[in-house]
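structure-v7.cif follows; it contains mmCIF, C-alpha atoms.
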```
data_data
loop_
_atom_site.group_PDB
_atom_site.id
_atom_site.type_symbol
_atom_site.label_atom_id
_atom_site.label_comp_id
_atom_site.auth_asym_id
_atom_site.auth_seq_id
_atom_site.Cartn_x
_atom_site.Cartn_y
_atom_site.Cartn_z
ATOM 1 C CA MET A 1 166.963 -52.606 77.104
ATOM 2 C CA SER A 2 163.517 -52.663 78.698
ATOM 3 C CA ARG A 3 160.450 -52.374 76.514
ATOM 4 C CA PRO A 4 157.993 -49.459 76.884
ATOM 5 C CA LYS A 5 155.076 -50.106 79.224
ATOM 6 C CA VAL A 6 151.612 -49.514 77.834
ATOM 7 C CA PHE A 7 148.108 -49.675 79.262
ATOM 8 C CA ILE A 8 145.190 -50.343 76.894
ATOM 9 C CA ALA A 9 141.914 -49.324 78.509
ATOM 10 C CA ARG A 10 139.835 -51.965 76.701
ATOM 11 C CA ARG A 11 140.595 -54.867 74.390
ATOM 12 C CA ILE A 12 140.935 -53.566 70.821
ATOM 13 C CA PRO A 13 141.016 -55.536 67.536
ATOM 14 C CA ASP A 14 144.063 -57.724 66.971
ATOM 15 C CA GLU A 15 145.275 -55.554 64.075
ATOM 16 C CA GLY A 16 146.377 -52.997 66.645
ATOM 17 C CA LEU A 17 146.802 -55.092 69.766
ATOM 18 C CA ASN A 18 149.306 -57.492 68.215
ATOM 19 C CA ALA A 19 151.430 -54.659 66.827
ATOM 20 C CA ILE A 20 151.617 -53.001 70.230
ATOM 21 C CA ALA A 21 152.314 -56.281 72.039
ATOM 22 C CA ALA A 22 155.200 -57.037 69.674
ATOM 23 C CA ALA A 23 157.032 -53.888 70.754
ATOM 24 C CA CYS A 24 155.795 -53.122 74.259
ATOM 25 C CA GLU A 25 155.000 -54.572 77.641
ATOM 26 C CA VAL A 26 151.199 -54.480 77.521
ATOM 27 C CA ASP A 27 148.520 -54.403 80.202
ATOM 28 C CA VAL A 28 144.970 -54.705 78.783
ATOM 29 C CA TRP A 29 141.867 -53.937 80.847
ATOM 30 C CA PRO A 30 139.796 -57.140 80.530
ATOM 31 C CA GLU A 31 136.311 -55.934 81.480
ATOM 32 C CA ARG A 32 133.454 -54.713 79.239
ATOM 33 C CA LEU A 33 132.980 -51.601 81.375
ATOM 34 C CA PRO A 34 135.773 -49.003 81.415
ATOM 35 C CA PRO A 35 138.228 -48.908 84.310
ATOM 36 C CA PRO A 36 137.170 -46.603 87.150
ATOM 37 C CA ALA A 37 139.160 -43.373 87.346
ATOM 38 C CA VAL A 38 141.107 -44.529 90.402
ATOM 39 C CA GLU A 39 142.015 -47.803 88.712
ATOM 40 C CA LEU A 40 142.983 -46.030 85.487
ATOM 41 C CA ARG A 41 145.400 -43.770 87.355
ATOM 42 C CA LYS A 42 146.838 -46.797 89.143
ATOM 43 C CA ARG A 43 147.388 -48.713 85.897
ATOM 44 C CA VAL A 44 149.157 -45.860 84.069
ATOM 45 C CA LYS A 45 151.432 -44.664 86.898
ATOM 46 C CA ASP A 46 154.510 -46.400 85.433
ATOM 47 C CA CYS A 47 153.429 -46.388 81.790
ATOM 48 C CA ASP A 48 155.007 -44.759 78.767
ATOM 49 C CA GLY A 49 151.836 -44.988 76.694
ATOM 50 C CA LEU A 50 148.059 -45.177 77.054
ATOM 51 C CA VAL A 51 145.425 -46.318 74.556
ATOM 52 C CA SER A 52 142.241 -44.638 75.769
ATOM 53 C CA LEU A 53 138.600 -44.684 74.695
ATOM 54 C CA LEU A 54 136.014 -41.897 74.758
ATOM 55 C CA THR A 55 134.808 -43.252 78.098
ATOM 56 C CA ASP A 56 138.240 -42.752 79.720
ATOM 57 C CA ARG A 57 138.842 -39.300 81.183
ATOM 58 C CA VAL A 58 142.444 -38.226 80.615
ATOM 59 C CA ASP A 59 142.753 -35.204 82.876
ATOM 60 C CA ALA A 60 145.316 -33.409 84.991
ATOM 61 C CA ALA A 61 144.875 -35.878 87.864
ATOM 62 C CA LEU A 62 145.717 -38.813 85.613
ATOM 63 C CA LEU A 63 148.681 -36.993 84.079
ATOM 64 C CA GLU A 64 150.070 -36.141 87.506
ATOM 65 C CA ALA A 65 149.804 -39.814 88.442
ATOM 66 C CA ALA A 66 151.732 -40.867 85.322
ATOM 67 C CA PRO A 67 155.022 -38.920 85.232
ATOM 68 C CA ARG A 68 156.500 -41.222 82.561
ATOM 69 C CA LEU A 69 153.589 -40.965 80.159
ATOM 70 C CA LYS A 70 154.667 -39.911 76.664
ATOM 71 C CA VAL A 71 151.595 -40.520 74.545
ATOM 72 C CA VAL A 72 147.814 -40.842 74.767
ATOM 73 C CA SER A 73 146.473 -42.684 71.727
ATOM 74 C CA ASN A 74 142.706 -42.167 71.690
ATOM 75 C CA PHE A 75 140.778 -44.987 70.012
ATOM 76 C CA ALA A 76 138.335 -42.522 68.433
ATOM 77 C CA VAL A 77 138.118 -39.591 66.078
ATOM 78 C CA GLY A 78 136.841 -37.338 68.853
ATOM 79 C CA PHE A 79 138.926 -36.457 71.887
ATOM 80 C CA ASN A 80 136.543 -34.629 74.223
ATOM 81 C CA ASN A 81 137.630 -37.075 76.932
ATOM 82 C CA VAL A 82 141.215 -35.791 76.809
ATOM 83 C CA ASP A 83 142.436 -32.561 78.391
ATOM 84 C CA VAL A 84 144.628 -31.700 75.428
ATOM 85 C CA PRO A 85 146.109 -28.460 76.868
ATOM 86 C CA ALA A 86 147.116 -30.319 80.037
ATOM 87 C CA CYS A 87 148.802 -33.006 77.923
ATOM 88 C CA THR A 88 150.601 -30.423 75.797
ATOM 89 C CA ALA A 89 151.844 -28.568 78.867
ATOM 90 C CA ARG A 90 153.437 -31.784 80.116
ATOM 91 C CA GLY A 91 154.936 -32.810 76.771
ATOM 92 C CA VAL A 92 152.464 -35.669 76.260
ATOM 93 C CA ALA A 93 151.556 -36.327 72.632
ATOM 94 C CA VAL A 94 147.884 -37.005 71.831
ATOM 95 C CA GLY A 95 146.706 -38.987 68.797
ATOM 96 C CA ASN A 96 143.336 -39.948 67.334
ATOM 97 C CA THR A 97 141.930 -42.005 64.447
ATOM 98 C CA PRO A 98 140.576 -39.601 61.797
ATOM 99 C CA GLY A 99 139.275 -40.493 58.353
ATOM 100 C CA VAL A 100 138.530 -44.180 58.790
ATOM 101 C CA LEU A 101 135.031 -43.724 60.240
ATOM 102 C CA THR A 102 133.585 -41.601 57.443
ATOM 103 C CA ASP A 103 131.818 -44.200 55.327
ATOM 104 C CA ALA A 104 130.636 -46.359 58.219
ATOM 105 C CA THR A 105 129.172 -43.353 60.034
ATOM 106 C CA ALA A 106 127.486 -42.022 56.896
ATOM 107 C CA ASP A 107 125.942 -45.462 56.376
ATOM 108 C CA ILE A 108 124.481 -45.396 59.887
ATOM 109 C CA ALA A 109 123.142 -41.860 59.375
ATOM 110 C CA VAL A 110 121.283 -43.043 56.270
ATOM 111 C CA THR A 111 120.142 -46.221 58.047
ATOM 112 C CA LEU A 112 118.657 -44.233 60.932
ATOM 113 C CA LEU A 113 117.042 -41.764 58.537
ATOM 114 C CA LEU A 114 115.380 -44.613 56.648
ATOM 115 C CA ALA A 115 114.333 -46.447 59.806
ATOM 116 C CA ALA A 116 112.825 -43.359 61.427
ATOM 117 C CA SER A 117 111.166 -42.144 58.235
ATOM 118 C CA ARG A 118 109.503 -45.471 57.489
ATOM 119 C CA ARG A 119 108.678 -46.303 61.134
ATOM 120 C CA LEU A 120 110.748 -49.463 60.912
ATOM 121 C CA GLY A 121 111.437 -49.838 64.628
ATOM 122 C CA GLU A 122 107.823 -49.276 65.616
ATOM 123 C CA SER A 123 106.361 -51.587 62.969
ATOM 124 C CA ALA A 124 108.891 -54.359 63.623
ATOM 125 C CA THR A 125 108.123 -54.229 67.353
ATOM 126 C CA ASP A 126 104.388 -54.326 66.652
ATOM 127 C CA ALA A 127 104.852 -57.359 64.416
ATOM 128 C CA LYS A 128 106.958 -59.155 67.033
ATOM 129 C CA GLU A 129 104.510 -58.400 69.838
ATOM 130 C CA GLY A 130 101.367 -59.478 68.017
ATOM 131 C CA ARG A 131 99.942 -56.139 66.936
ATOM 132 C CA TRP A 132 100.275 -56.984 63.224
ATOM 133 C CA ILE A 133 96.769 -58.361 62.599
ATOM 134 C CA THR A 134 96.256 -57.551 58.898
ATOM 135 C CA TRP A 135 97.409 -55.341 56.037
ATOM 136 C CA GLU A 136 95.992 -51.891 56.776
ATOM 137 C CA PRO A 137 95.634 -49.003 54.305
ATOM 138 C CA LEU A 138 96.541 -46.548 57.070
ATOM 139 C CA GLY A 139 98.992 -48.775 58.929
ATOM 140 C CA TRP A 140 102.477 -47.457 59.827
ATOM 141 C CA LEU A 141 102.493 -44.649 57.259
ATOM 142 C CA GLY A 142 105.908 -43.043 56.925
ATOM 143 C CA GLN A 143 107.611 -40.287 54.948
ATOM 144 C CA ASP A 144 108.810 -40.513 51.331
ATOM 145 C CA LEU A 145 112.457 -39.754 50.563
ATOM 146 C CA GLY A 146 112.604 -39.197 46.809
ATOM 147 C CA GLY A 147 113.208 -35.606 45.771
ATOM 148 C CA ARG A 148 112.876 -34.220 49.309
ATOM 149 C CA THR A 149 115.192 -31.696 50.992
ATOM 150 C CA LEU A 150 118.085 -32.795 53.205
ATOM 151 C CA GLY A 151 119.707 -30.437 55.700
ATOM 152 C CA ILE A 152 123.265 -31.252 56.778
ATOM 153 C CA VAL A 153 124.330 -29.429 59.942
ATOM 154 C CA GLY A 154 128.115 -29.502 59.710
ATOM 155 C CA MET A 155 129.319 -30.273 56.180
ATOM 156 C CA GLY A 156 132.544 -32.053 57.041
ATOM 157 C CA ARG A 157 133.675 -35.415 55.671
ATOM 158 C CA ILE A 158 130.872 -37.412 57.267
ATOM 159 C CA GLY A 159 128.231 -34.825 56.433
ATOM 160 C CA PHE A 160 129.378 -34.794 52.807
ATOM 161 C CA ALA A 161 129.394 -38.602 52.602
ATOM 162 C CA THR A 162 125.855 -38.707 54.028
ATOM 163 C CA ALA A 163 124.624 -36.048 51.623
ATOM 164 C CA LYS A 164 126.235 -37.813 48.675
ATOM 165 C CA ARG A 165 124.404 -41.052 49.462
ATOM 166 C CA LEU A 166 121.024 -39.354 49.791
ATOM 167 C CA HIS A 167 121.436 -36.975 46.852
ATOM 168 C CA ARG A 168 122.590 -39.651 44.432
ATOM 169 C CA GLY A 169 120.346 -42.395 45.766
ATOM 170 C CA TRP A 170 117.120 -40.471 46.301
ATOM 171 C CA GLY A 171 117.646 -37.272 44.342
ATOM 172 C CA MET A 172 117.519 -35.136 47.456
ATOM 173 C CA ARG A 173 118.121 -31.399 47.347
ATOM 174 C CA VAL A 174 120.926 -30.573 49.812
ATOM 175 C CA LEU A 175 121.212 -27.595 52.144
ATOM 176 C CA TYR A 176 124.043 -27.289 54.649
ATOM 177 C CA THR A 177 125.603 -25.200 57.384
ATOM 178 C CA ALA A 178 129.362 -24.807 57.712
ATOM 179 C CA ARG A 179 131.927 -22.209 58.737
ATOM 180 C CA SER A 180 132.750 -21.657 55.048
ATOM 181 C CA ASP A 181 131.502 -22.662 51.614
ATOM 182 C CA LYS A 182 132.224 -26.253 50.543
ATOM 183 C CA PRO A 183 133.004 -26.143 46.806
ATOM 184 C CA ASP A 184 132.978 -29.944 46.442
ATOM 185 C CA ALA A 185 129.464 -30.163 47.894
ATOM 186 C CA ASP A 186 128.277 -27.231 45.813
ATOM 187 C CA LYS A 187 129.678 -28.705 42.583
ATOM 188 C CA GLU A 188 129.013 -32.424 43.042
ATOM 189 C CA LEU A 189 125.676 -32.258 44.848
ATOM 190 C CA GLY A 190 124.271 -28.890 43.845
ATOM 191 C CA ALA A 191 124.292 -28.128 47.558
ATOM 192 C CA ARG A 192 123.655 -24.684 48.994
ATOM 193 C CA ARG A 193 125.116 -23.196 52.163
ATOM 194 C CA VAL A 194 122.460 -21.484 54.303
ATOM 195 C CA ASP A 195 122.016 -20.319 57.888
ATOM 196 C CA LEU A 196 120.611 -22.750 60.437
ATOM 197 C CA ASP A 197 117.166 -21.173 60.578
ATOM 198 C CA THR A 198 116.739 -21.480 56.806
ATOM 199 C CA LEU A 199 117.928 -25.079 56.886
ATOM 200 C CA LEU A 200 115.475 -25.993 59.636
ATOM 201 C CA ALA A 201 112.524 -24.331 57.912
ATOM 202 C CA GLU A 202 113.126 -25.900 54.485
ATOM 203 C CA SER A 203 114.483 -29.376 55.261
ATOM 204 C CA ASP A 204 112.447 -32.576 55.340
ATOM 205 C CA PHE A 205 115.375 -34.396 56.943
ATOM 206 C CA VAL A 206 117.972 -32.848 59.258
ATOM 207 C CA SER A 207 121.208 -34.774 59.863
ATOM 208 C CA LEU A 208 123.563 -33.490 62.564
ATOM 209 C CA HIS A 209 127.331 -33.775 61.997
ATOM 210 C CA ALA A 210 128.785 -30.851 63.990
ATOM 211 C CA ASP A 211 131.778 -31.023 66.318
ATOM 212 C CA LEU A 212 131.150 -30.844 70.054
ATOM 213 C CA ASN A 213 132.655 -27.710 71.587
ATOM 214 C CA PRO A 214 131.463 -24.982 73.990
ATOM 215 C CA THR A 215 129.672 -23.130 71.177
ATOM 216 C CA THR A 216 127.787 -26.178 69.857
ATOM 217 C CA LYS A 217 126.766 -27.874 73.114
ATOM 218 C CA GLY A 218 122.964 -27.832 73.209
ATOM 219 C CA LEU A 219 122.842 -26.635 69.594
ATOM 220 C CA PHE A 220 119.459 -28.302 69.132
ATOM 221 C CA GLY A 221 116.844 -27.343 71.683
ATOM 222 C CA GLN A 222 113.204 -26.355 71.906
ATOM 223 C CA GLU A 223 113.613 -23.356 69.585
ATOM 224 C CA GLN A 224 115.314 -25.373 66.848
ATOM 225 C CA PHE A 225 112.790 -28.226 66.909
ATOM 226 C CA ARG A 226 109.904 -25.733 66.720
ATOM 227 C CA LYS A 227 111.411 -24.278 63.534
ATOM 228 C CA MET A 228 111.405 -27.662 61.786
ATOM 229 C CA LYS A 229 108.542 -29.054 59.726
ATOM 230 C CA ARG A 230 106.041 -31.235 61.559
ATOM 231 C CA THR A 231 106.853 -33.933 58.975
ATOM 232 C CA ALA A 232 110.626 -33.597 59.471
ATOM 233 C CA VAL A 233 112.956 -36.372 60.594
ATOM 234 C CA PHE A 234 115.962 -35.564 62.808
ATOM 235 C CA VAL A 235 119.129 -37.702 62.851
ATOM 236 C CA ASN A 236 122.154 -37.403 65.147
ATOM 237 C CA THR A 237 125.297 -39.490 64.610
ATOM 238 C CA SER A 238 127.686 -36.855 65.968
ATOM 239 C CA ARG A 239 127.664 -36.294 69.751
ATOM 240 C CA GLY A 240 124.868 -36.594 72.287
ATOM 241 C CA PRO A 241 125.470 -33.280 74.129
ATOM 242 C CA LEU A 242 124.739 -31.340 70.919
ATOM 243 C CA VAL A 243 121.048 -32.036 71.607
ATOM 244 C CA ASP A 244 118.775 -31.058 74.485
ATOM 245 C CA GLN A 245 117.124 -34.449 74.919
ATOM 246 C CA VAL A 246 114.264 -33.081 77.037
ATOM 247 C CA ALA A 247 113.386 -30.741 74.166
ATOM 248 C CA LEU A 248 113.751 -33.558 71.632
ATOM 249 C CA ALA A 249 111.459 -35.847 73.624
ATOM 250 C CA ALA A 250 108.860 -33.068 73.882
ATOM 251 C CA ALA A 251 109.044 -32.395 70.125
ATOM 252 C CA LEU A 252 108.535 -36.084 69.353
ATOM 253 C CA ARG A 253 105.777 -36.527 71.932
ATOM 254 C CA GLU A 254 103.876 -33.423 70.828
ATOM 255 C CA GLY A 255 104.329 -34.031 67.100
ATOM 256 C CA SER A 256 106.451 -30.937 66.451
ATOM 257 C CA ILE A 257 108.602 -33.249 64.311
ATOM 258 C CA PHE A 258 107.746 -36.613 62.797
ATOM 259 C CA ALA A 259 110.561 -38.841 64.068
ATOM 260 C CA ALA A 260 114.186 -39.066 65.158
ATOM 261 C CA GLY A 261 117.065 -41.502 64.729
ATOM 262 C CA LEU A 262 119.949 -41.384 67.220
ATOM 263 C CA ASP A 263 123.265 -43.207 67.361
ATOM 264 C CA VAL A 264 124.553 -40.988 70.171
ATOM 265 C CA THR A 265 122.939 -39.845 73.420
ATOM 266 C CA ASP A 266 123.806 -38.010 76.614
ATOM 267 C CA PRO A 267 124.684 -39.901 78.731
ATOM 268 C CA GLU A 268 125.888 -43.099 77.125
ATOM 269 C CA PRO A 269 124.499 -45.581 77.691
ATOM 270 C CA LEU A 270 121.096 -43.940 77.942
ATOM 271 C CA PRO A 271 119.180 -45.387 80.920
ATOM 272 C CA PRO A 272 116.556 -47.865 79.669
ATOM 273 C CA GLU A 273 113.833 -45.988 81.562
ATOM 274 C CA HIS A 274 114.563 -42.761 79.641
ATOM 275 C CA GLU A 275 111.545 -41.227 77.909
ATOM 276 C CA LEU A 276 113.178 -41.379 74.478
ATOM 277 C CA PHE A 277 113.096 -45.179 74.627
ATOM 278 C CA LYS A 278 109.355 -45.049 75.300
ATOM 279 C CA LEU A 279 108.572 -42.982 72.203
ATOM 280 C CA SER A 280 107.606 -45.084 69.204
ATOM 281 C CA ASN A 281 108.839 -42.396 66.785
ATOM 282 C CA CYS A 282 112.414 -42.453 68.104
ATOM 283 C CA VAL A 283 114.952 -45.042 66.891
ATOM 284 C CA ILE A 284 118.031 -45.359 69.133
ATOM 285 C CA ALA A 285 121.183 -47.332 68.323
ATOM 286 C CA PRO A 286 123.932 -47.892 70.945
ATOM 287 C CA HIS A 287 126.685 -45.787 69.297
ATOM 288 C CA ILE A 288 127.436 -48.297 66.542
ATOM 289 C CA ALA A 289 128.469 -45.921 63.735
ATOM 290 C CA SER A 290 132.010 -47.316 63.531
ATOM 291 C CA ALA A 291 131.000 -50.896 64.325
ATOM 292 C CA THR A 292 132.166 -52.708 61.218
ATOM 293 C CA VAL A 293 135.007 -55.215 61.092
ATOM 294 C CA ALA A 294 137.021 -53.133 58.627
ATOM 295 C CA THR A 295 136.481 -49.809 60.385
ATOM 296 C CA ARG A 296 137.317 -50.983 63.897
ATOM 297 C CA GLY A 297 140.371 -52.794 62.508
ATOM 298 C CA ALA A 298 141.538 -49.594 60.824
ATOM 299 C CA MET A 299 140.986 -47.662 64.050
ATOM 300 C CA ALA A 300 143.108 -50.209 65.892
ATOM 301 C CA ARG A 301 145.945 -49.868 63.370
ATOM 302 C CA LEU A 302 145.921 -46.069 63.605
ATOM 303 C CA SER A 303 145.862 -46.248 67.398
ATOM 304 C CA ALA A 304 148.820 -48.612 67.384
ATOM 305 C CA ASN A 305 150.790 -46.438 64.975
ATOM 306 C CA ASN A 306 150.219 -43.359 67.125
ATOM 307 C CA LEU A 307 151.093 -45.244 70.297
ATOM 308 C CA LEU A 308 154.288 -46.776 68.939
ATOM 309 C CA ALA A 309 155.522 -43.461 67.554
ATOM 310 C CA GLY A 310 154.752 -41.685 70.801
ATOM 311 C CA VAL A 311 156.537 -44.096 73.130
ATOM 312 C CA LYS A 312 159.670 -43.551 71.012
ATOM 313 C CA GLY A 313 159.277 -39.793 71.143
ATOM 314 C CA ASP A 314 158.664 -39.600 67.391
ATOM 315 C CA PRO A 315 156.041 -37.481 65.572
ATOM 316 C CA LEU A 316 152.620 -39.103 65.597
ATOM 317 C CA PRO A 317 151.057 -40.074 62.259
ATOM 318 C CA HIS A 318 147.810 -38.466 63.467
ATOM 319 C CA TRP A 319 148.458 -35.669 65.937
ATOM 320 C CA VAL A 320 145.800 -33.934 67.962
ATOM 321 C CA ASN A 321 148.400 -31.565 69.434
ATOM 322 C CA PRO A 322 151.301 -31.199 66.972
ATOM 323 C CA GLU A 323 152.376 -28.105 68.890
ATOM 324 C CA VAL A 324 153.711 -30.467 71.591
ATOM 325 C CA ALA A 325 156.606 -31.444 69.294
ATOM 326 C CA ALA A 326 158.819 -28.684 70.712
ATOM 327 C CA ASN A 327 158.712 -30.170 74.239
ATOM 328 C CA GLN A 328 157.608 -33.753 73.515
ATOM 329 C CA ARG A 329 158.702 -36.278 76.141
ATOM 330 C CA LYS A 330 161.403 -38.587 74.813
#
```
Starting from the coordinates I provided, produce the structure as structure tokens.
Amino acid sequence: MSRPKVFIARRIPDEGLNAIAAACEVDVWPERLPPPAVELRKRVKDCDGLVSLLTDRVDAALLEAAPRLKVVSNFAVGFNNVDVPACTARGVAVGNTPGVLTDATADIAVTLLLAASRRLGESATDAKEGRWITWEPLGWLGQDLGGRTLGIVGMGRIGFATAKRLHRGWGMRVLYTARSDKPDADKELGARRVDLDTLLAESDFVSLHADLNPTTKGLFGQEQFRKMKRTAVFVNTSRGPLVDQVALAAALREGSIFAAGLDVTDPEPLPPEHELFKLSNCVIAPHIASATVATRGAMARLSANNLLAGVKGDPLPHWVNPEVAANQRK
């Protein structure tokens, strides 16, 4: 009996790759950059399974080119790159890797908040480039964290983990937005659910953790930045398109807010000539929130488990579209 054919759109950690290779005929894209759309369609045309990344567009054109495809295992929590309805209509199961990124992403949110607040990137660059000439009473003054107010926009798992670190570590008061009250946050952190305008007006630090969907795209623009304190620090570890980057750059340049820390941008990678890179009060990381050995290994294992279940026509451990079960390809 022939083994299922699988295409993996980038090399993933061995914890997942070895498990897939033990059960399937595997083709792994060897380059650092993602496969072009034409090449991706070519590689999956005879495949039973696909391990995709956020940079790989899984759309109707790809699905039409891959009539045998049973499962798309996305190596990510998000799945904005996948046309889920199109997959469901064709009986293709879609999986993702939820839960394992929470702590690593919260750590990066706090790291960026600290770096932006204390002007770490700017001062380190100045030191490296010879602008550190003496200890100065007014040199590189940043913002204090202790006892200040933190606003969490989107109190999900990552938002809660971020708030917990900053509340317990620095005694921060926590405000949050969410579709409903979060009893755990209210009880454990003394947090209070408020509307976005209230959060922006009262928070010293604003950390963005909302999902990307048609209602949240461009959630932060000129109006939102103008409602924040001039001493406020803005952090985004969620998705780049949630933020109008032209408005953010203007707010940073004009001093409407104090600083920003970003792990996500739009597009990714952000062109090196982009204005945000030129602003000393903006710290930008290249989407490294999940970049720990343990986290990426766990993502690989979840991806493999979803992939291996899907190629057999079994329920996925982590469905994106469980409704496909009724017409799942076997």
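Here, the PyMOL selection byres ((chain A and resi 267) around 12) matches Thr55, Arg239, Gly240, Pro241, Leu242, Val243, Asp244, Gln245, Asp263, Val264, Thr265, Asp266, Glu268, Pro269, Leu270, Pro271, Pro272, His274, Pro286 and His287 of chain A.
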Hey, which of A:Leu113, A:Ala294, A:Leu33, A:Val194 ends up closest to Leu208 in chain A? Count all atoms listed in the file.
A:Leu113
Protein/DNA/RNA residues near (123.8, -33.0, 62.7), cut 7 Å, all atoms listed in the file, as an mmCIF file with C-alpha atoms, in the coordinates of the input:
```
data_model
loop_
_atom_site.group_PDB
_atom_site.id
_atom_site.type_symbol
_atom_site.label_atom_id
_atom_site.label_comp_id
_atom_site.auth_asym_id
_atom_site.auth_seq_id
_atom_site.Cartn_x
_atom_site.Cartn_y
_atom_site.Cartn_z
ATOM 1 C CA ILE A 152 123.265 -31.252 56.778
ATOM 2 C CA VAL A 153 124.330 -29.429 59.942
ATOM 3 C CA GLY A 154 128.115 -29.502 59.710
ATOM 4 C CA VAL A 206 117.972 -32.848 59.258
ATOM 5 C CA SER A 207 121.208 -34.774 59.863
ATOM 6 C CA LEU A 208 123.563 -33.490 62.564
ATOM 7 C CA HIS A 209 127.331 -33.775 61.997
ATOM 8 C CA ALA A 210 128.785 -30.851 63.990
ATOM 9 C CA VAL A 235 119.129 -37.702 62.851
ATOM 10 C CA ASN A 236 122.154 -37.403 65.147
ATOM 11 C CA THR A 237 125.297 -39.490 64.610
ATOM 12 C CA SER A 238 127.686 -36.855 65.968
#
```
Test item: the PyMOL selection byres ((chain A and resi 84) around 10) resolved as a PyMOL selection string
chain A and resi 58-60+72+79-83+85-90+92-94+320-321+324
Selection in question (the file shown): the PyMOL selection byres ((chain A and resi 325) around 10). Which residues does it include, as a count of residues only?
17
When you count all atoms listed in the file, which of these residues is closest to Gly16 in chain A: A:Gln224, A:Ser73, A:Ser2, A:Thr216?
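Checking each candidate against Gly16 in chain A, we get A:Ser73 as the closest.
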Per residue of range 46-158 of chain A within 8 Å of range 300-306 of chain A, which atom pair is closest and at what distance in Å (one decimal), using all atoms listed in the file, listed by chain and increasing number, as a Markdown table?
```
| residue | atom | partner | partner_atom | distance |
| --- | --- | --- | --- | --- |
| A:Val51 | CA | A:Ser303 | CA | 7.2 |
| A:Ser73 | CA | A:Ser303 | CA | 5.6 |
| A:Asn74 | CA | A:Ser303 | CA | 6.7 |
| A:Phe75 | CA | A:Ser303 | CA | 5.9 |
| A:Gly95 | CA | A:Asn306 | CA | 5.9 |
| A:Asn96 | CA | A:Ser303 | CA | 6.8 |
| A:Thr97 | CA | A:Leu302 | CA | 5.8 |
```
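You will find CA of Arg296 in chain A at 27.4 Å from CA of Ala185 in chain A.
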Using all atoms listed in the file, which residues sit within 7 Å of Ile158 in chain A once same-chain residues fewer than 5 positions away are excluded, as a list in words?
Thr102, Thr105, Ala106 and His209 of chain A
So which residues touch range 160-162 of chain A within 7 Å, counting all atoms listed in the file, skipping near sequence neighbours fewer than 2 positions away, as a CSV table (one decimal) with C-alpha atoms, keeping the file's coordinate frame?
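Final file, out_38.csv:
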```csv
chain,number,residue,atom,x,y,z
A,103,ASP,CA,131.8,-44.2,55.3
A,106,ALA,CA,127.5,-42.0,56.9
A,109,ALA,CA,123.1,-41.9,59.4
A,110,VAL,CA,121.3,-43.0,56.3
A,155,MET,CA,129.3,-30.3,56.2
A,156,GLY,CA,132.5,-32.1,57.0
A,157,ARG,CA,133.7,-35.4,55.7
A,158,ILE,CA,130.9,-37.4,57.3
A,164,LYS,CA,126.2,-37.8,48.7
A,165,ARG,CA,124.4,-41.1,49.5
A,166,LEU,CA,121.0,-39.4,49.8
A,185,ALA,CA,129.5,-30.2,47.9
```
Would you be able to write out as a PyMOL selection string which residues have an atom within 9 Å of (149.5, -46.8, 85.0) in the file's coordinates, counting all atoms listed in the file?
chain A and resi 5-7+39-50+62+65-66+69
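Using only C-alpha atoms, the protein and nucleic acid residues lying no more than 8 Å from Glu202 in chain A, apart from those fewer than 6 places from it along its own chain, are Thr149, Met228 and Lys229 of chain A.
Straight-line separation from CA of Ser180 in chain A to CA of Leu114 in chain A: 28.8 Å.
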Of the candidates A:Ala37, A:Leu101, A:Ala191, A:Leu196, which one gets nearest to Arg179 in chain A if we count only C-alpha atoms?
A:Leu196
Using all atoms listed in the file: which of A:Asp204, A:Pro183, A:Val100, A:Glu122 has the shortest distance to His318 in chain A
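Between A:Asp204, A:Pro183, A:Val100, A:Glu122, the residue approaching His318 in chain A most closely is A:Val100.
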For Ala291 in chain A, which residue out of A:Leu120, A:Ala104, A:Ala22, A:Ala76 is the nearest one, using all atoms listed in the file?
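Comparing A:Leu120, A:Ala104, A:Ala22, A:Ala76 against Ala291 in chain A, the winner is A:Ala104.
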Supply range 264-269 of chain A as an mmCIF file, in the coordinates of the input, with N, CA, C and O atoms built in where the input has gaps.
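After the write, result-v9.cif holds the following:
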```cif
data_model
loop_
_atom_site.group_PDB
_atom_site.id
_atom_site.type_symbol
_atom_site.label_atom_id
_atom_site.label_comp_id
_atom_site.auth_asym_id
_atom_site.auth_seq_id
_atom_site.Cartn_x
_atom_site.Cartn_y
_atom_site.Cartn_z
ATOM 1 N N VAL A 264 123.841 -41.542 69.018
ATOM 2 C CA VAL A 264 124.553 -40.988 70.171
ATOM 3 C C VAL A 264 123.535 -40.353 71.111
ATOM 4 O O VAL A 264 122.511 -39.823 70.685
ATOM 5 N N THR A 265 123.820 -40.409 72.403
ATOM 6 C CA THR A 265 122.939 -39.845 73.420
ATOM 7 C C THR A 265 123.787 -39.221 74.520
ATOM 8 O O THR A 265 125.018 -39.316 74.512
ATOM 9 N N ASP A 266 123.129 -38.596 75.469
ATOM 10 C CA ASP A 266 123.806 -38.010 76.614
ATOM 11 C C ASP A 266 122.950 -38.273 77.850
ATOM 12 O O ASP A 266 121.878 -37.690 77.985
ATOM 13 N N PRO A 267 123.402 -39.200 78.735
ATOM 14 C CA PRO A 267 124.684 -39.901 78.731
ATOM 15 C C PRO A 267 124.650 -41.134 77.841
ATOM 16 O O PRO A 267 123.624 -41.445 77.228
ATOM 17 N N GLU A 268 125.790 -41.795 77.776
ATOM 18 C CA GLU A 268 125.888 -43.099 77.125
ATOM 19 C C GLU A 268 126.455 -44.095 78.126
ATOM 20 O O GLU A 268 127.491 -43.831 78.721
ATOM 21 N N PRO A 269 125.774 -45.226 78.316
ATOM 22 C CA PRO A 269 124.499 -45.581 77.691
ATOM 23 C C PRO A 269 123.342 -44.775 78.286
ATOM 24 O O PRO A 269 123.403 -44.337 79.441
#
```
